[in-house]
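Data first, discussion second: the structure below is written as structure tokens.
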Amino acid sequence: AAMKPELAHELWNSLLLLLASATWGMGFVAAKWAFVTLTPLYFIFFRFLIASIFMVLLCGPKRLKTLSKKDILPACLLGTAFGAALLIQAVGLNLTSASNAALLTGTYIVIVPFIGIFWKRKLHWADVVIALVALVGLALFSLQDDFTVGIGDLVVLLCALSFAVHCLLVDRYAHQYDGLVLNFGQLVVATVWAGLCALLFEPAPDLRNLDGGAIFGLLYCAIVASALGRYLQVYTQKSLSPATAAIIMTSQSVFGAIFGFLFLHEVFFFRQYIGAAILVLCMVVAVLWPHWRQKRGKQLPPKQSAEEQIPQEEQIPQMEEIG
């Protein structure tokens with residue numbers, strides 16, 4: 001039998017979100033290259049600034065003219081959550097290992113269904129089970145041998161909380177706004193926050209010292225990870241539930257380690273292969289279980305809260321982004 005269009009659409013969006021997660025995974029490596037000659041907060045500031053400029057070129061003047069007062073609140077909320085997540089992560093990366101940072105950032109997958117309760121989302125037992133199993137996979141994959149949690153790890157846990165809030169905000173607003181414009185708005189707000197933090201907490205950078213690795217790291221993180229990767233996130237989250245999206249997005253930890261192995265020669269242990277396999281399995285189950293459930297004649301959990309189900313005006317077909 002032919003695949004149902006709805007399932008095909010969801011699988012396609014899941015693959016696109018997986019691609020976005022791969023770009024973020026490579027971002028861990030690119031950031032490491034940049035950190036050799038650039039301090040973390042200024043790195044985040046330049047990353048957002050370049051991404052914002054790139055988004056202006058991508059949106060074009062006609063689309064940016066559609067910006068209105070109603071866009072200000074979502075842009076401020078998304079930009080603040082996203083900016084906070086990456087700024088906190090940059091600070092945490094300096095205080096803990098990359099693998100611990102990857103694991104702890106990944107814990108937002110478990111946080112999302114629970115914060116969703118405040119958005120009047122019903123928590124389904126399957127979401128909880130999949131999230132907890134994925135967390136076990138993530139722990140096997142990323143924790144150090146002595147299972148330590150240091151100060152840097154606690155910092156990165158705050159980052160995970162910010163990402164969880166961001167994931168739910170994207171879900172709340174993606175249906176109602178042009179994704180490109182929304183991504184541009186959130187990037188501008190995040191740039192302002194990053195600039196303020198960098199000015200307050202770090203000495204001014206000497207840009208003459210930047211080497212090729214830092215320039216590549218900056219351009220990669222800004223254009224590929226922040227602009228294009230986040231655009232794909234807004235675009236795909238229109239049809240994926242936040243819990244499913246969060247589980248797919250945790251794959252950035254696995255991609256981060258694979259690219260770390262390829263480019264930074266970081267080594268894998270046996271338990272990491274087991275952890276990665278558990279994570280991949282959780283992602284597959286998360287995407288497919290609603291359809292198995294539907295086949296057995298069970299009611300699907302609603303993807304949107306009642307107030308979000310008001311039909312929105314048709315928008316120009318679009319690529320979207322958040323970055």
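Numbering starts fresh at 1 for the residues of each chain in the structure tokens, the chains themselves are lettered A, B, ... in the order given, and ligands are numbered from 1 as they appear.
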Item to complete: With a distance cut-off of 12 Å and only C-alpha atoms, select the neighbouring residues of A:Ile117, excluding the residue or stretch itself and same-chain residues fewer than 4 positions from it, and output the selection as a count of residues only.
Response: 12
Item to complete: Would you mind writing down, as number ranges by chain, each residue of stretch 89-177 of chain A that DSSP on the backbone assigns to helix (DSSP H, G or I)?
Response: A: 89-95, 98-106, 108-119, 125-142, 151-173
Item to complete: Would you mind listing what lies within 12 Å of A:Ala198 as a list of chain:residue names, with only C-alpha atoms counted and same-chain residues fewer than 5 positions away left out?
Response: A:Leu38, A:Thr39, A:Pro40, A:Leu41, A:Tyr42, A:Phe43, A:Ile44, A:Phe45, A:Phe46, A:Leu87, A:Ala90, A:Val91, A:Thr191, A:Val192, A:Trp193, A:Pro203, A:Ala204, A:Pro205
Worksheet item: So which one's closest to A:Gln233, A:Asn13, A:Thr250, A:Gln176, A:Thr96? Using only C-alpha atoms, please.
Response: A:Asn13
Discussion item. Taking 4 positions as the minimum chain separation for residues in the same chain, which residues sit within 8 Å of A:Gly256 when counting only C-alpha atoms? Answer as a VMD selection string.
Written reply: chain A and resid 22 24 to 29 102 252 260
Practice prompt. Quick one: everything within 12 Å of A:Leu57, counting only C-alpha atoms, minus sequence neighbours fewer than 4 positions away in the same chain. Send it as a ChimeraX atom specification.
Written response: /A:50-53,61-64,180-181,184,223,227
Fill in: Å distance separating atom CA of A:Leu86 from atom CA of A:Leu19, one decimal place
19.4 Å
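For the set A:Leu157, A:Asp211, A:Ile72, A:Ile109, the residue with the smallest atom-to-atom gap to A:Val129 is A:Ile109, counting only C-alpha atoms.
If only C-alpha atoms are the atoms counted, then among A:Phe82, A:Phe35, A:Phe163, A:Trp12 the closest residue to A:Ser239 is A:Trp12.
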Response to the item:
From the list A:Leu78, A:Ala30, A:Ala8, A:Leu154, the nearest residue to A:Leu219 using only C-alpha atoms is A:Ala30
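Going from atom CA of A:Leu58 over to atom CA of A:Gly179, you cover 11.7 Å.
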Item to complete: Tell me which protein, DNA and RNA residues are within 8 Å of A:Gly185, counting only C-alpha atoms, leaving out same-chain ones fewer than 6 positions away, and put them as a PyMOL selection string.
Response: chain A and resi 71-72+75-76+79
Selection to disk with N, CA, C and O atoms, as a PDB file, in the first residue's frame:
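Final output, saved to result29.pdb:
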ATOM      1  N   ASP A  71       4.770  40.905  15.297  1.00  0.00           N
ATOM      2  CA  ASP A  71       5.961  40.039  15.255  1.00  0.00           C
ATOM      3  C   ASP A  71       6.917  40.307  16.415  1.00  0.00           C
ATOM      4  O   ASP A  71       7.819  39.519  16.671  1.00  0.00           O
ATOM      5  N   ILE A  72       6.719  41.430  17.102  1.00  0.00           N
ATOM      6  CA  ILE A  72       7.712  41.839  18.101  1.00  0.00           C
ATOM      7  C   ILE A  72       7.756  40.863  19.286  1.00  0.00           C
ATOM      8  O   ILE A  72       8.831  40.405  19.674  1.00  0.00           O
ATOM      9  N   ALA A  75       9.254  37.374  18.387  1.00  0.00           N
ATOM     10  CA  ALA A  75      10.692  37.521  18.106  1.00  0.00           C
ATOM     11  C   ALA A  75      11.471  37.719  19.403  1.00  0.00           C
ATOM     12  O   ALA A  75      12.537  37.126  19.592  1.00  0.00           O
ATOM     13  N   CYS A  76      10.919  38.540  20.304  1.00  0.00           N
ATOM     14  CA  CYS A  76      11.605  38.795  21.587  1.00  0.00           C
ATOM     15  C   CYS A  76      11.675  37.527  22.441  1.00  0.00           C
ATOM     16  O   CYS A  76      12.716  37.211  23.023  1.00  0.00           O
ATOM     17  N   GLY A  79      13.977  34.938  20.551  1.00  0.00           N
ATOM     18  CA  GLY A  79      15.365  35.411  20.545  1.00  0.00           C
ATOM     19  C   GLY A  79      15.994  35.353  21.921  1.00  0.00           C
ATOM     20  O   GLY A  79      17.174  35.035  22.073  1.00  0.00           O
TER      21      GLY A  79
END
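From atom CA of A:Asp171 back to atom CA of A:Ile258, the distance works out to 28.6 Å.
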Considering only C-alpha atoms, tabulate each residue of stretch 206-318 of chain A that lies at most 12 Å from stretch 130-143 of chain A along with its nearest interatomic pair and the corresponding distance in Å to one decimal; arrange the rows by chain and ascending residue number and present them as a Markdown table.
| residue | atom | partner | partner_atom | distance |
| --- | --- | --- | --- | --- |
| A:Pro242 | CA | A:Ala131 | CA | 11.9 |
| A:Ala243 | CA | A:Ala131 | CA | 8.2 |
| A:Thr244 | CA | A:Ala131 | CA | 9.4 |
| A:Ala245 | CA | A:Ala131 | CA | 11.5 |
| A:Ala246 | CA | A:Ala131 | CA | 9.1 |
| A:Ile247 | CA | A:Ala131 | CA | 7.3 |
| A:Ile248 | CA | A:Ala134 | CA | 10.3 |
| A:Met249 | CA | A:Ala134 | CA | 11.6 |
| A:Thr250 | CA | A:Leu138 | CA | 8.4 |
| A:Ser251 | CA | A:Leu138 | CA | 9.3 |
| A:Gln252 | CA | A:Leu138 | CA | 10.9 |
| A:Ser253 | CA | A:Leu138 | CA | 8.0 |
| A:Val254 | CA | A:Phe141 | CA | 7.9 |
| A:Phe255 | CA | A:Phe141 | CA | 11.5 |
| A:Gly256 | CA | A:Ser142 | CA | 10.6 |
| A:Ala257 | CA | A:Ser142 | CA | 8.7 |
| A:Ile258 | CA | A:Phe141 | CA | 11.3 |
| A:Val267 | CA | A:Ser142 | CA | 11.8 |
| A:Phe268 | CA | A:Phe141 | CA | 9.0 |
| A:Phe269 | CA | A:Phe141 | CA | 8.6 |
| A:Phe270 | CA | A:Phe141 | CA | 9.2 |
| A:Arg271 | CA | A:Leu140 | CA | 5.9 |
| A:Gln272 | CA | A:Phe141 | CA | 4.0 |
| A:Tyr273 | CA | A:Phe141 | CA | 7.0 |
| A:Ile274 | CA | A:Leu140 | CA | 7.2 |
| A:Gly275 | CA | A:Gly137 | CA | 4.0 |
| A:Ala276 | CA | A:Phe141 | CA | 6.0 |
| A:Ala277 | CA | A:Gly137 | CA | 7.5 |
| A:Ile278 | CA | A:Gly137 | CA | 5.1 |
| A:Leu279 | CA | A:Ala134 | CA | 5.2 |
| A:Val280 | CA | A:Ala134 | CA | 8.5 |
| A:Leu281 | CA | A:Ala134 | CA | 8.5 |
| A:Cys282 | CA | A:Ala134 | CA | 5.9 |
| A:Met283 | CA | A:Ala134 | CA | 8.2 |
| A:Val284 | CA | A:Ile130 | CA | 10.3 |
| A:Val285 | CA | A:Ile130 | CA | 7.8 |
| A:Ala286 | CA | A:Ile130 | CA | 7.0 |
| A:Val287 | CA | A:Ile130 | CA | 10.8 |
| A:Leu288 | CA | A:Ile130 | CA | 11.9 |
| A:Trp289 | CA | A:Ile130 | CA | 10.2 |
